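Text of protein.csv, listed as CSV, C-alpha atoms:
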```csv
chain,number,residue,atom,x,y,z
B,1,MET,CA,70.4,7.3,22.0
B,2,THR,CA,69.4,3.7,21.8
B,3,HIS,CA,68.9,1.6,18.7
B,4,LEU,CA,65.2,1.6,19.4
B,5,THR,CA,65.1,5.4,19.3
B,6,ILE,CA,66.9,5.5,16.0
B,7,VAL,CA,64.6,2.9,14.5
B,8,GLY,CA,61.5,4.7,15.7
B,9,MET,CA,62.7,8.0,14.3
B,10,ILE,CA,63.6,6.5,10.9
B,11,LEU,CA,60.2,4.8,10.8
B,12,ALA,CA,58.3,8.0,11.6
B,13,VAL,CA,60.3,10.1,9.1
B,14,ALA,CA,59.7,7.4,6.4
B,15,ILE,CA,56.0,7.4,7.0
B,16,VAL,CA,55.9,11.3,6.8
B,17,MET,CA,58.0,11.2,3.6
B,18,GLY,CA,55.7,8.6,2.1
B,19,ILE,CA,52.6,10.7,2.9
B,20,ILE,CA,54.2,13.8,1.4
B,21,TRP,CA,55.1,11.9,-1.7
B,22,LEU,CA,51.5,10.6,-2.1
B,23,ILE,CA,50.1,14.1,-1.6
B,24,ARG,CA,52.5,15.5,-4.2
B,25,ARG,CA,51.4,12.9,-6.7
B,26,ARG,CA,47.7,13.8,-5.8
B,27,ARG,CA,47.0,10.2,-4.8
B,28,LEU,CA,46.0,11.1,-1.2
B,29,GLN,CA,43.9,14.0,-0.1
B,30,GLU,CA,45.2,16.2,2.7
B,31,ARG,CA,42.3,15.3,5.1
B,32,TYR,CA,43.3,11.6,5.0
B,33,ALA,CA,47.0,12.6,5.2
B,34,ILE,CA,46.4,14.3,8.6
B,35,ILE,CA,45.4,11.0,10.2
B,36,TRP,CA,48.6,9.3,8.9
B,37,ILE,CA,50.8,12.2,9.9
B,38,CYS,CA,49.3,11.9,13.4
B,39,ALA,CA,50.1,8.2,13.3
B,40,ALA,CA,53.7,9.0,12.3
B,41,ALA,CA,53.9,11.5,15.2
B,42,GLY,CA,52.8,8.7,17.5
B,43,VAL,CA,55.5,6.4,16.3
B,44,LEU,CA,58.0,9.3,16.8
B,45,VAL,CA,56.8,9.9,20.4
B,46,PHE,CA,57.1,6.2,21.3
B,47,GLY,CA,60.5,6.0,19.6
B,48,ILE,CA,62.1,9.0,21.4
B,49,TRP,CA,60.4,8.8,24.7
B,50,THR,CA,60.9,5.1,25.5
B,51,ASP,CA,59.3,5.3,28.9
B,52,ALA,CA,56.0,6.3,27.3
B,53,LEU,CA,54.9,2.7,27.0
B,54,ASP,CA,55.5,2.1,30.7
B,55,VAL,CA,53.6,5.2,31.6
B,56,LEU,CA,50.7,4.2,29.3
B,57,ALA,CA,50.6,0.7,30.8
B,58,ASN,CA,50.6,2.1,34.3
B,59,VAL,CA,47.7,4.5,33.5
B,60,THR,CA,45.6,1.8,31.9
B,61,GLY,CA,46.5,-0.8,34.4
B,62,ILE,CA,48.0,-3.2,31.9
B,63,ALA,CA,50.6,-5.5,33.6
B,64,TYR,CA,52.7,-6.2,30.5
B,65,PRO,CA,53.7,-2.9,28.7
B,66,PRO,CA,54.0,-4.3,25.2
B,67,SER,CA,50.3,-5.3,25.4
B,68,ALA,CA,49.5,-1.6,25.8
B,69,LEU,CA,51.2,-1.0,22.5
B,70,PHE,CA,49.2,-3.7,20.8
B,71,LEU,CA,46.0,-2.2,22.3
B,72,VAL,CA,46.8,1.3,21.0
B,73,VAL,CA,47.7,0.0,17.5
B,74,ALA,CA,44.6,-2.3,17.4
B,75,ILE,CA,42.3,0.5,18.4
B,76,PHE,CA,43.8,2.8,15.8
B,77,LEU,CA,43.5,0.2,13.0
B,78,VAL,CA,39.9,-0.7,13.8
B,79,LEU,CA,39.0,3.0,13.8
B,80,MET,CA,40.7,3.5,10.5
B,81,LEU,CA,39.0,0.5,8.9
B,82,LEU,CA,35.6,1.6,10.2
B,83,HIS,CA,36.2,5.1,8.8
B,84,ASN,CA,37.2,3.5,5.5
B,85,SER,CA,34.0,1.4,5.4
B,86,VAL,CA,31.9,4.5,6.1
B,87,THR,CA,33.6,6.4,3.3
B,88,LEU,CA,33.2,3.4,1.0
B,89,SER,CA,29.5,3.2,1.7
B,90,ARG,CA,29.0,6.8,1.0
B,91,LEU,CA,31.0,6.7,-2.2
B,92,SER,CA,29.2,3.6,-3.5
B,93,SER,CA,25.8,5.2,-3.1
B,94,GLN,CA,27.0,8.4,-4.7
B,95,ASN,CA,28.5,6.3,-7.5
B,96,GLU,CA,25.1,4.6,-8.0
B,97,ALA,CA,23.2,7.9,-8.0
B,98,LEU,CA,25.7,9.2,-10.6
B,99,ALA,CA,25.2,6.1,-12.8
B,100,GLN,CA,21.5,6.6,-12.7
B,101,ARG,CA,21.7,10.2,-13.6
B,102,ILE,CA,24.0,9.5,-16.5
B,103,ALA,CA,21.6,6.9,-17.8
B,104,MET,CA,18.7,9.4,-17.6
B,105,LEU,CA,20.7,12.2,-19.2
B,106,ASP,CA,21.9,9.8,-22.0
B,107,GLU,CA,18.3,8.7,-22.7
B,108,ALA,CA,17.0,12.3,-22.7
B,109,LEU,CA,19.8,13.4,-25.0
B,110,ARG,CA,19.0,10.6,-27.5
B,111,ARG,CA,15.3,11.4,-27.4
B,112,SER,CA,15.8,15.1,-28.0
B,113,GLY,CA,18.3,14.6,-30.7
B,114,GLY,CA,15.7,13.1,-33.1
B,115,GLY,CA,13.9,16.3,-34.1
B,116,GLU,CA,11.5,19.0,-33.0
B,117,ASP,CA,8.3,17.0,-33.0
B,118,SER,CA,8.7,13.9,-30.9
B,119,SER,CA,5.4,12.3,-32.0
B,120,ASP,CA,6.1,11.4,-35.6
B,121,ARG,CA,9.9,11.4,-35.8
B,122,VAL,CA,11.7,8.3,-36.8
B,123,ARG,CA,13.3,6.4,-34.0
B,124,GLU,CA,17.0,6.0,-34.4
B,125,PRO,CA,17.9,2.5,-33.6
B,126,LEU,CA,20.3,2.1,-30.7
B,127,PRO,CA,23.8,0.9,-31.7
B,128,PRO,CA,24.7,-2.4,-30.3
B,129,ALA,CA,26.8,-2.6,-27.1
B,130,PRO,CA,30.5,-2.3,-28.0
B,131,LYS,CA,32.3,-5.7,-28.1
B,132,VAL,CA,35.9,-6.4,-27.3
B,133,ILE,CA,37.0,-9.1,-29.7
B,134,PRO,CA,40.6,-10.5,-29.4
B,135,LEU,CA,42.6,-9.3,-32.5
B,136,ASP,CA,43.4,-12.7,-33.8
B,137,ARG,CA,39.7,-13.7,-33.8
B,138,ARG,CA,38.7,-10.4,-35.4
B,139,ARG,CA,41.2,-10.9,-38.2
B,140,ALA,CA,39.9,-14.4,-38.6
B,141,ALA,CA,36.4,-13.1,-38.9
B,142,GLU,CA,37.4,-10.4,-41.4
B,143,ARG,CA,39.1,-13.0,-43.6
B,144,GLU,CA,35.9,-15.0,-43.9
Q,1,MET,CA,-6.8,-7.3,-23.4
Q,2,ARG,CA,-9.3,-6.4,-20.7
Q,3,ASP,CA,-12.0,-3.9,-20.1
Q,4,ALA,CA,-11.4,-0.9,-22.3
Q,5,ALA,CA,-12.7,1.5,-19.7
Q,6,LEU,CA,-9.7,0.6,-17.5
Q,7,HIS,CA,-7.3,2.2,-20.0
Q,8,SER,CA,-8.7,5.7,-19.5
Q,9,TRP,CA,-9.0,5.9,-15.7
Q,10,PRO,CA,-9.7,9.3,-14.5
Q,11,HIS,CA,-6.8,10.6,-12.5
Q,12,PRO,CA,-7.7,11.1,-8.8
Q,13,HIS,CA,-6.9,14.9,-9.0
Q,14,GLY,CA,-8.4,15.6,-12.4
Q,15,ALA,CA,-9.8,14.4,-15.7
Q,16,ARG,CA,-6.6,13.4,-17.5
Q,17,PRO,CA,-6.0,9.7,-18.0
Q,18,MET,CA,-3.5,7.9,-15.9
Q,19,LYS,CA,0.1,7.9,-17.1
Q,20,LEU,CA,1.7,4.5,-16.5
Q,21,LEU,CA,5.4,3.7,-16.8
Q,22,ALA,CA,6.5,0.1,-17.0
Q,23,ILE,CA,10.0,-0.3,-15.5
Q,24,VAL,CA,11.7,-3.3,-17.0
Q,25,PRO,CA,15.1,-4.1,-15.4
Q,26,ALA,CA,17.2,-6.3,-17.8
Q,27,PHE,CA,20.7,-7.7,-17.7
Q,28,ASN,CA,21.8,-9.7,-20.6
Q,29,GLU,CA,18.3,-10.6,-21.7
Q,30,GLN,CA,18.5,-10.1,-25.4
Q,31,HIS,CA,16.4,-13.1,-26.2
Q,32,LEU,CA,13.4,-12.2,-24.0
Q,33,VAL,CA,13.4,-8.5,-23.5
Q,34,GLY,CA,11.6,-7.7,-26.9
Q,35,GLN,CA,8.9,-10.2,-26.1
Q,36,VAL,CA,8.4,-8.7,-22.6
Q,37,VAL,CA,8.0,-5.3,-24.1
Q,38,ASP,CA,5.4,-6.6,-26.6
Q,39,GLU,CA,3.5,-8.3,-23.8
Q,40,ILE,CA,3.4,-5.2,-21.7
Q,41,ARG,CA,2.1,-3.2,-24.7
Q,42,ALA,CA,-0.5,-5.8,-25.4
Q,43,ALA,CA,-1.7,-5.8,-21.8
Q,44,TRP,CA,-1.8,-2.0,-21.4
Q,45,PRO,CA,-1.4,-0.1,-24.7
Q,46,SER,CA,-1.1,3.3,-23.2
Q,47,ALA,CA,1.8,2.4,-20.9
Q,48,ASP,CA,5.3,3.8,-21.7
Q,49,VAL,CA,7.8,1.0,-21.4
Q,50,MET,CA,11.2,1.9,-20.0
Q,51,VAL,CA,13.8,-0.9,-20.2
Q,52,VAL,CA,16.6,-0.4,-17.8
Q,53,ASP,CA,19.7,-2.0,-19.3
Q,54,ASP,CA,21.9,-2.7,-16.4
Q,55,GLY,CA,25.2,-2.8,-18.2
Q,56,SER,CA,24.4,-5.7,-20.5
Q,57,ARG,CA,27.2,-7.0,-22.7
Q,58,ASP,CA,24.7,-8.3,-25.3
Q,59,GLU,CA,22.1,-6.8,-27.6
Q,60,THR,CA,19.6,-6.1,-24.8
Q,61,ALA,CA,19.4,-2.3,-25.3
Q,62,ALA,CA,19.2,-2.6,-29.1
Q,63,ARG,CA,16.4,-5.3,-28.9
Q,64,ALA,CA,14.4,-3.3,-26.4
Q,65,SER,CA,14.7,-0.2,-28.5
Q,66,ALA,CA,13.7,-2.1,-31.6
Q,67,ALA,CA,10.6,-3.4,-29.8
Q,68,GLY,CA,9.6,0.3,-29.2
Q,69,ALA,CA,10.7,0.7,-25.6
Q,70,ARG,CA,12.6,3.6,-24.2
Q,71,VAL,CA,15.9,2.4,-22.9
Q,72,LEU,CA,17.9,3.6,-19.9
Q,73,ARG,CA,21.4,2.4,-20.3
Q,74,MET,CA,23.4,2.2,-17.1
Q,75,PRO,CA,27.0,3.0,-17.7
Q,76,PHE,CA,28.0,-0.2,-15.8
Q,77,ASN,CA,26.2,-2.9,-13.8
Q,78,VAL,CA,24.8,-1.3,-10.7
Q,79,GLY,CA,22.6,-4.3,-9.6
Q,80,ILE,CA,18.8,-4.7,-9.6
Q,81,SER,CA,18.2,-2.1,-6.9
Q,82,GLY,CA,20.1,0.7,-8.6
Q,83,ALA,CA,18.6,-0.2,-12.0
Q,84,VAL,CA,15.0,-0.2,-10.7
Q,85,GLN,CA,15.5,3.0,-8.8
Q,86,ALA,CA,16.7,4.7,-11.9
Q,87,GLY,CA,13.2,3.8,-13.4
Q,88,TYR,CA,11.4,5.3,-10.3
Q,89,LYS,CA,13.5,8.5,-10.5
Q,90,LEU,CA,12.5,8.9,-14.1
Q,91,ALA,CA,8.8,8.1,-13.3
Q,92,TRP,CA,8.9,10.7,-10.6
Q,93,GLU,CA,10.6,13.4,-12.7
Q,94,GLU,CA,8.3,12.9,-15.7
Q,95,GLY,CA,5.1,13.0,-13.6
Q,96,TYR,CA,3.9,9.4,-14.0
Q,97,ASP,CA,0.9,8.5,-11.9
Q,98,ALA,CA,1.8,4.9,-11.5
Q,99,ALA,CA,4.8,2.6,-12.2
Q,100,VAL,CA,4.8,-1.1,-12.8
Q,101,GLN,CA,7.9,-3.2,-12.2
Q,102,ILE,CA,8.3,-6.2,-14.5
Q,103,ASP,CA,11.5,-8.3,-14.9
Q,104,GLY,CA,13.1,-8.4,-18.3
Q,105,ASP,CA,13.6,-12.1,-18.1
Q,106,GLY,CA,9.9,-12.8,-18.9
Q,107,GLN,CA,9.1,-14.6,-15.6
Q,108,HIS,CA,6.4,-12.0,-14.7
Q,109,PRO,CA,3.1,-12.4,-16.6
Q,110,ALA,CA,2.6,-9.0,-18.1
Q,111,ASP,CA,-0.9,-10.0,-19.2
Q,112,GLN,CA,-2.0,-9.9,-15.6
Q,113,LEU,CA,-0.9,-6.3,-15.2
Q,114,PRO,CA,-4.5,-5.0,-15.3
Q,115,LEU,CA,-5.3,-7.1,-12.2
Q,116,LEU,CA,-2.6,-5.1,-10.2
Q,117,LEU,CA,-3.7,-1.8,-11.7
Q,118,ASP,CA,-7.3,-2.5,-10.9
Q,119,GLU,CA,-6.4,-3.2,-7.2
Q,120,LEU,CA,-4.3,0.0,-7.1
Q,121,HIS,CA,-7.2,2.0,-8.5
Q,122,SER,CA,-10.2,0.5,-6.8
Q,123,THR,CA,-8.6,0.4,-3.3
Q,124,ASP,CA,-6.6,3.0,-1.4
Q,125,ALA,CA,-3.4,0.8,-1.8
Q,126,ASN,CA,-0.2,2.6,-2.6
Q,127,LEU,CA,1.8,-0.4,-3.6
Q,128,VAL,CA,0.4,-3.6,-5.0
Q,129,ILE,CA,2.4,-6.8,-5.2
Q,130,GLY,CA,1.8,-9.6,-7.7
Q,131,SER,CA,1.9,-12.7,-5.5
Q,132,ARG,CA,2.7,-16.2,-6.5
Q,133,PHE,CA,1.2,-17.7,-3.3
Q,134,ALA,CA,-2.0,-15.8,-2.5
Q,135,ARG,CA,-3.8,-18.7,-4.0
Q,136,LYS,CA,-2.1,-22.1,-4.0
Q,137,ARG,CA,-1.2,-22.6,-7.6
Q,138,GLY,CA,1.1,-21.5,-10.4
Q,139,TYR,CA,4.4,-21.8,-8.6
Q,140,ARG,CA,6.7,-24.5,-7.3
Q,141,SER,CA,9.9,-24.2,-5.2
Q,142,THR,CA,12.3,-26.1,-3.0
Q,143,ARG,CA,11.6,-26.7,0.7
Q,144,SER,CA,14.3,-24.4,2.2
Q,145,ARG,CA,13.4,-21.7,-0.2
Q,146,ARG,CA,9.7,-22.0,0.8
Q,147,GLY,CA,10.7,-21.9,4.4
Q,148,GLY,CA,12.7,-18.7,3.9
Q,149,ILE,CA,9.9,-17.1,2.0
Q,150,LEU,CA,7.4,-18.1,4.7
Q,151,LEU,CA,9.6,-16.5,7.4
Q,152,LEU,CA,9.9,-13.3,5.4
Q,153,SER,CA,6.2,-13.3,4.7
Q,154,TRP,CA,5.3,-13.7,8.3
Q,155,LEU,CA,7.7,-11.0,9.4
Q,156,VAL,CA,6.7,-8.5,6.8
Q,157,SER,CA,3.0,-9.2,7.2
Q,158,ARG,CA,3.3,-8.3,10.9
Q,159,ILE,CA,5.1,-5.0,10.0
Q,160,ALA,CA,2.7,-4.1,7.2
Q,161,GLY,CA,-0.3,-5.0,9.3
Q,162,ARG,CA,-1.9,-7.2,6.7
Q,163,ARG,CA,-1.2,-10.5,5.1
Q,164,LEU,CA,1.5,-10.4,2.4
Q,165,SER,CA,2.3,-13.9,1.1
Q,166,ASP,CA,5.0,-13.2,-1.5
Q,167,THR,CA,7.3,-10.4,-0.3
Q,168,THR,CA,10.1,-11.4,-2.7
Q,169,SER,CA,8.1,-10.8,-5.8
Q,170,GLY,CA,9.5,-8.2,-8.1
Q,171,PHE,CA,6.2,-7.8,-10.0
Q,172,ARG,CA,4.5,-4.8,-8.5
Q,173,VAL,CA,2.6,-1.5,-9.2
Q,174,ALA,CA,3.4,1.7,-7.3
Q,175,ASP,CA,1.3,4.8,-7.1
Q,176,ARG,CA,2.7,8.4,-7.2
Q,177,ASP,CA,3.4,8.5,-3.4
Q,178,THR,CA,5.3,5.3,-3.6
Q,179,ILE,CA,7.2,6.4,-6.7
Q,180,GLU,CA,8.2,9.5,-4.8
Q,181,LEU,CA,9.5,7.4,-1.9
Q,182,PHE,CA,11.4,5.0,-4.1
Q,183,ALA,CA,12.9,7.8,-6.2
Q,184,ALA,CA,14.3,9.3,-3.0
Q,185,HIS,CA,15.2,6.1,-1.2
Q,186,TYR,CA,15.4,2.6,-2.4
Q,187,PRO,CA,17.0,-0.3,-0.4
Q,188,PRO,CA,20.3,-1.5,-1.8
Q,189,ASP,CA,21.2,-5.1,-2.9
Q,190,TYR,CA,18.0,-7.1,-2.5
Q,191,PRO,CA,15.3,-4.4,-2.5
Q,192,GLU,CA,12.0,-6.4,-2.9
Q,193,VAL,CA,11.3,-7.3,0.7
Q,194,GLU,CA,12.9,-4.2,2.3
Q,195,SER,CA,11.0,-1.8,0.0
Q,196,ILE,CA,7.7,-3.2,1.3
Q,197,VAL,CA,8.9,-2.7,4.9
Q,198,LEU,CA,10.1,0.8,4.0
Q,199,ALA,CA,6.8,1.8,2.4
Q,200,SER,CA,4.8,0.4,5.4
Q,201,ARG,CA,7.0,2.2,7.9
Q,202,LEU,CA,6.2,5.5,6.1
Q,203,GLY,CA,2.5,4.8,6.3
Q,204,LEU,CA,1.9,3.6,2.7
Q,205,LYS,CA,-0.6,0.8,2.2
Q,206,VAL,CA,0.8,-2.3,0.6
Q,207,THR,CA,-1.5,-5.0,-0.6
Q,208,GLU,CA,-1.2,-8.0,-2.9
Q,209,VAL,CA,-3.1,-9.8,-5.7
Q,210,SER,CA,-2.7,-13.3,-6.9
Q,211,VAL,CA,-0.9,-13.8,-10.2
Q,212,GLU,CA,0.4,-16.9,-12.0
Q,213,MET,CA,4.2,-16.7,-12.5
Q,214,ARG,CA,6.0,-18.6,-15.2
Q,215,GLN,CA,9.2,-20.6,-14.9
Q,216,ARG,CA,12.2,-18.8,-16.4
Q,217,ARG,CA,12.3,-19.3,-20.1
Q,218,ALA,CA,16.0,-18.6,-20.7
Q,219,GLY,CA,19.0,-17.4,-18.7
Q,220,GLN,CA,20.1,-18.7,-15.4
Q,221,SER,CA,18.7,-18.3,-11.9
Q,222,SER,CA,21.3,-16.7,-9.7
Q,223,ILE,CA,20.3,-18.7,-6.6
Q,224,THR,CA,22.8,-21.0,-4.8
Q,225,PRO,CA,22.6,-22.2,-1.1
Q,226,ILE,CA,25.3,-19.8,0.1
Q,227,ARG,CA,23.8,-16.9,-1.7
Q,228,SER,CA,20.4,-17.9,-0.3
Q,229,ALA,CA,21.8,-17.8,3.3
Q,230,TYR,CA,23.5,-14.5,2.6
Q,231,TYR,CA,20.3,-13.2,1.2
Q,232,MET,CA,18.3,-14.1,4.3
Q,233,VAL,CA,20.9,-12.6,6.7
Q,234,LYS,CA,21.1,-9.4,4.5
Q,235,VAL,CA,17.4,-9.0,4.2
Q,236,LEU,CA,16.7,-9.7,7.9
Q,237,LEU,CA,19.4,-7.2,8.8
Q,238,GLY,CA,17.9,-4.7,6.4
Q,239,ILE,CA,14.4,-5.1,7.9
Q,240,GLY,CA,15.9,-4.7,11.4
Q,241,VAL,CA,17.6,-1.5,10.4
Q,242,LEU,CA,14.4,-0.2,8.9
Q,243,CYS,CA,12.5,-1.0,12.0
Q,244,ILE,CA,14.8,0.5,14.6
Q,245,GLY,CA,16.3,3.2,12.4
Q,246,ARG,CA,15.1,6.7,11.7
Q,247,PRO,CA,12.9,6.8,8.6
Q,248,PRO,CA,14.9,8.2,5.7
Q,249,ILE,CA,12.3,10.8,4.8
Q,250,ARG,CA,8.8,11.7,5.9
Q,251,LEU,CA,6.2,11.6,3.2
Q,252,GLU,CA,3.4,14.2,2.9
Q,253,THR,CA,0.7,12.1,1.5
Q,254,GLY,CA,-2.8,13.4,0.7
Q,255,ARG,CA,-4.4,10.2,2.0
```
Let me see the file written as structure tokens.
Amino acid sequence: MTHLTIVGMILAVAIVMGIIWLIRRRRLQERYAIIWICAAAGVLVFGIWTDALDVLANVTGIAYPPSALFLVVAIFLVLMLLHNSVTLSRLSSQNEALAQRIAMLDEALRRSGGGEDSSDRVREPLPPAPKVIPLDRRRAAERE
Amino acid sequence: MRDAALHSWPHPHGARPMKLLAIVPAFNEQHLVGQVVDEIRAAWPSADVMVVDDGSRDETAARASAAGARVLRMPFNVGISGAVQAGYKLAWEEGYDAAVQIDGDGQHPADQLPLLLDELHSTDANLVIGSRFARKRGYRSTRSRRGGILLLSWLVSRIAGRRLSDTTSGFRVADRDTIELFAAHYPPDYPEVESIVLASRLGLKVTEVSVEMRQRRAGQSSITPIRSAYYMVKVLLGIGVLCIGRPPIRLETGR
């Protein structure tokens, strides 16, 4: 067993343990964890089977085997980032739709809370937007 | 105030008068929003005014409410597109026949609202834009900005199939079909130009009438050279996507 094998195995095990920790803390959903566990498996394969890189370089016709490694890593990272951008786009439009719905529900709630007959009920004035004033300035204002 | 007969248009599908919603996006406009609400009511007394407070940190919501408007309070700042679309969603769900979009910063002349509504009613237009340039007066701008506006105008006019001189104007009136479209799909970020392209792509008729815009009375314009460049790239990309992409929905219009 070479040093490289040991380093590869430690790295793979560390990645898997990190992912398990994130899942246990509910910071990472399983479907995203799968991708990273596959990545850890990849690290493990290249760590144990040291000739894998040469095989890959031969198959793809890359003269310098380490370049093949960079290629694989780069493709993986680009795909992950693309996937993240797609997810982010979906989430931000969902977020916006939720904000709109909340505003509409909030308005409807305030309108219906005023009484049975909406035509002659007294409008309740909207409270002002909450303000965050630093404590020292608030105390100064109260003293005046 | 204009011709009183205008205020009781017959609805195309029946005898009830037209229900009009004024959508007023406002972000930190406490000094002007009340005045804008008053102007809309003076121009079109039967209109319901809905101020969309896009996460303001000042008294915008309170002032708008005090002026008699309904207020949609966004829980945080979602940008002009999300704020305006909230108005269109509400207009769709509450059965409004038409919706007018007027900025809460007072740059749009609410007193010229009847001109837009008249065009919407007397022609078969689905979306009427209030244009600063249809006649050569009432608005001044820098050269590069004019160039950008001319380019967008040329491009959008080609897509829409008729001359539209001011595609970036946010002063516009939408009929029920357009309200439905915008409630379902409204372009993100800088929606003015792309929404015209979207409506045209789905077979809606977009026209314009000339209005006189005012200079901003308070607040700050958000335009800087870098932002302008980004705006052009973003809008051109948006138009490109709308032209090559699959239309988001197909409208069943009665026209």
Residues near Ser67 of chain B, cut-off 12 Å, all atoms listed in the file, skip fewer than 5 positions along chain, as a PDB file with C-alpha atoms, in the frame of the given file:
```
ATOM      1  CA  LEU B  53      54.900   2.700  27.000  1.00  0.00           C
ATOM      2  CA  ASP B  54      55.500   2.100  30.700  1.00  0.00           C
ATOM      3  CA  LEU B  56      50.700   4.200  29.300  1.00  0.00           C
ATOM      4  CA  ALA B  57      50.600   0.700  30.800  1.00  0.00           C
ATOM      5  CA  ASN B  58      50.600   2.100  34.300  1.00  0.00           C
ATOM      6  CA  THR B  60      45.600   1.800  31.900  1.00  0.00           C
ATOM      7  CA  GLY B  61      46.500  -0.800  34.400  1.00  0.00           C
ATOM      8  CA  ILE B  62      48.000  -3.200  31.900  1.00  0.00           C
ATOM      9  CA  VAL B  72      46.800   1.300  21.000  1.00  0.00           C
ATOM     10  CA  VAL B  73      47.700   0.000  17.500  1.00  0.00           C
ATOM     11  CA  ALA B  74      44.600  -2.300  17.400  1.00  0.00           C
TER      12      ALA B  74
END
```
I'd like a table as a Markdown table: residues in chain Q with an atom no more than 10 Å from chain B, each row giving the shortest atom pair and its distance in Å to one decimal, only C-alpha atoms counted, sorted by chain and rising residue number.
```
| residue | atom | partner | partner_atom | distance |
| --- | --- | --- | --- | --- |
| Q:Val52 | CA | B:Ala103 | CA | 8.8 |
| Q:Asp53 | CA | B:Ala103 | CA | 9.2 |
| Q:Asp54 | CA | B:Ala103 | CA | 9.7 |
| Q:Gly55 | CA | B:Ala129 | CA | 9.0 |
| Q:Ser56 | CA | B:Ala129 | CA | 7.7 |
| Q:Arg57 | CA | B:Ala129 | CA | 6.2 |
| Q:Asp58 | CA | B:Ala129 | CA | 6.3 |
| Q:Glu59 | CA | B:Pro128 | CA | 5.8 |
| Q:Thr60 | CA | B:Ala129 | CA | 8.3 |
| Q:Ala61 | CA | B:Leu126 | CA | 7.0 |
| Q:Ala62 | CA | B:Leu126 | CA | 5.1 |
| Q:Arg63 | CA | B:Leu126 | CA | 8.6 |
| Q:Ala64 | CA | B:Leu126 | CA | 9.1 |
| Q:Ser65 | CA | B:Leu126 | CA | 6.4 |
| Q:Ala66 | CA | B:Pro125 | CA | 6.5 |
| Q:Gly68 | CA | B:Arg123 | CA | 8.6 |
| Q:Arg70 | CA | B:Glu107 | CA | 7.8 |
| Q:Val71 | CA | B:Glu107 | CA | 6.7 |
| Q:Leu72 | CA | B:Ala103 | CA | 5.4 |
| Q:Arg73 | CA | B:Ala103 | CA | 5.2 |
| Q:Met74 | CA | B:Ala103 | CA | 5.1 |
| Q:Pro75 | CA | B:Ala99 | CA | 6.1 |
| Q:Phe76 | CA | B:Ala99 | CA | 7.5 |
| Q:Asn77 | CA | B:Ala99 | CA | 9.1 |
| Q:Val78 | CA | B:Glu96 | CA | 6.5 |
| Q:Gly79 | CA | B:Glu96 | CA | 9.4 |
| Q:Ser81 | CA | B:Glu96 | CA | 9.7 |
| Q:Gly82 | CA | B:Glu96 | CA | 6.4 |
| Q:Ala83 | CA | B:Gln100 | CA | 7.4 |
| Q:Val84 | CA | B:Gln100 | CA | 9.6 |
| Q:Gln85 | CA | B:Gln100 | CA | 8.0 |
| Q:Ala86 | CA | B:Gln100 | CA | 5.2 |
| Q:Gly87 | CA | B:Gln100 | CA | 8.8 |
| Q:Lys89 | CA | B:Gln100 | CA | 8.5 |
| Q:Leu90 | CA | B:Met104 | CA | 7.1 |
| Q:Pro188 | CA | B:Ser93 | CA | 8.8 |
```
Original post:
Pick from Q:Asp103, Q:Glu212, Q:Asp124, Q:Asp97: nearest to Val33 of chain Q, with all atoms listed in the file counted?
Top reply: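 Going through Q:Asp103, Q:Glu212, Q:Asp124, Q:Asp97 one by one, the smallest distance to Val33 of chain Q is for Q:Asp103.
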Subject >> atom CA of Leu21 of chain Q to atom CA of Val100 of chain Q, distance in Å rounded to a single decimal >> reply: 6.3 Å
Original post:
Counting all atoms listed in the file, which of B:Leu22, B:Met9, B:Val86, B:Val43 gets nearest to Leu69 of chain B?
Top reply: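 For Leu69 of chain B, the nearest of the candidates is B:Val43.
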Subject >> Selected residue, from Q:Ser195, Q:Val36, Q:Asp166, Q:Ala160, that lies nearest to Gly147 of chain Q when counting all atoms listed in the file >> reply: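 For Gly147 of chain Q, the nearest of the given residues is Q:Asp166.
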Subject >> Distance in Å - atom CA of Ile48 of chain B versus atom CA of Ile6 of chain B >> reply: 8.0 Å
Subject >> Selection: 12 Å around Val45 of chain B, all atoms listed in the file, excl. self and same-chain fewer than 5 positions, as a PyMOL selection string >> reply: chain B and resi 4-6+8-9+11-13+38-40+50-53
Which protein, DNA or RNA residues are at most 10 Å from (1.5, -16.8, -18.0) in the file's coordinates when you count all atoms listed in the file, listed as a PDB file with C-alpha atoms, in the coordinates of the input?
```pdb
ATOM      1  CA  GLY Q 106       9.900 -12.800 -18.900  1.00  0.00           C
ATOM      2  CA  GLN Q 107       9.100 -14.600 -15.600  1.00  0.00           C
ATOM      3  CA  HIS Q 108       6.400 -12.000 -14.700  1.00  0.00           C
ATOM      4  CA  PRO Q 109       3.100 -12.400 -16.600  1.00  0.00           C
ATOM      5  CA  ALA Q 110       2.600  -9.000 -18.100  1.00  0.00           C
ATOM      6  CA  ASP Q 111      -0.900 -10.000 -19.200  1.00  0.00           C
ATOM      7  CA  GLN Q 112      -2.000  -9.900 -15.600  1.00  0.00           C
ATOM      8  CA  GLY Q 138       1.100 -21.500 -10.400  1.00  0.00           C
ATOM      9  CA  VAL Q 211      -0.900 -13.800 -10.200  1.00  0.00           C
ATOM     10  CA  GLU Q 212       0.400 -16.900 -12.000  1.00  0.00           C
ATOM     11  CA  MET Q 213       4.200 -16.700 -12.500  1.00  0.00           C
ATOM     12  CA  ARG Q 214       6.000 -18.600 -15.200  1.00  0.00           C
ATOM     13  CA  GLN Q 215       9.200 -20.600 -14.900  1.00  0.00           C
TER      14      GLN Q 215
END
```
**OP:** Quote the spacing between atom CA of Val209 of chain Q and atom CA of Ser131 of chain Q in Å to one decimal place.
**Re:** 5.8 Å
Each side padded by 8 Å, which centre and which edge lengths in Å (one decimal) define the axis-aligned box around the listed atoms of segment 27-41 of chain B? Give them as AutoDock Vina command-line options.
```
--center_x 48.1 --center_y 12.2 --center_z 5.2 --size_x 27.6 --size_y 24.0 --size_z 36.0
```
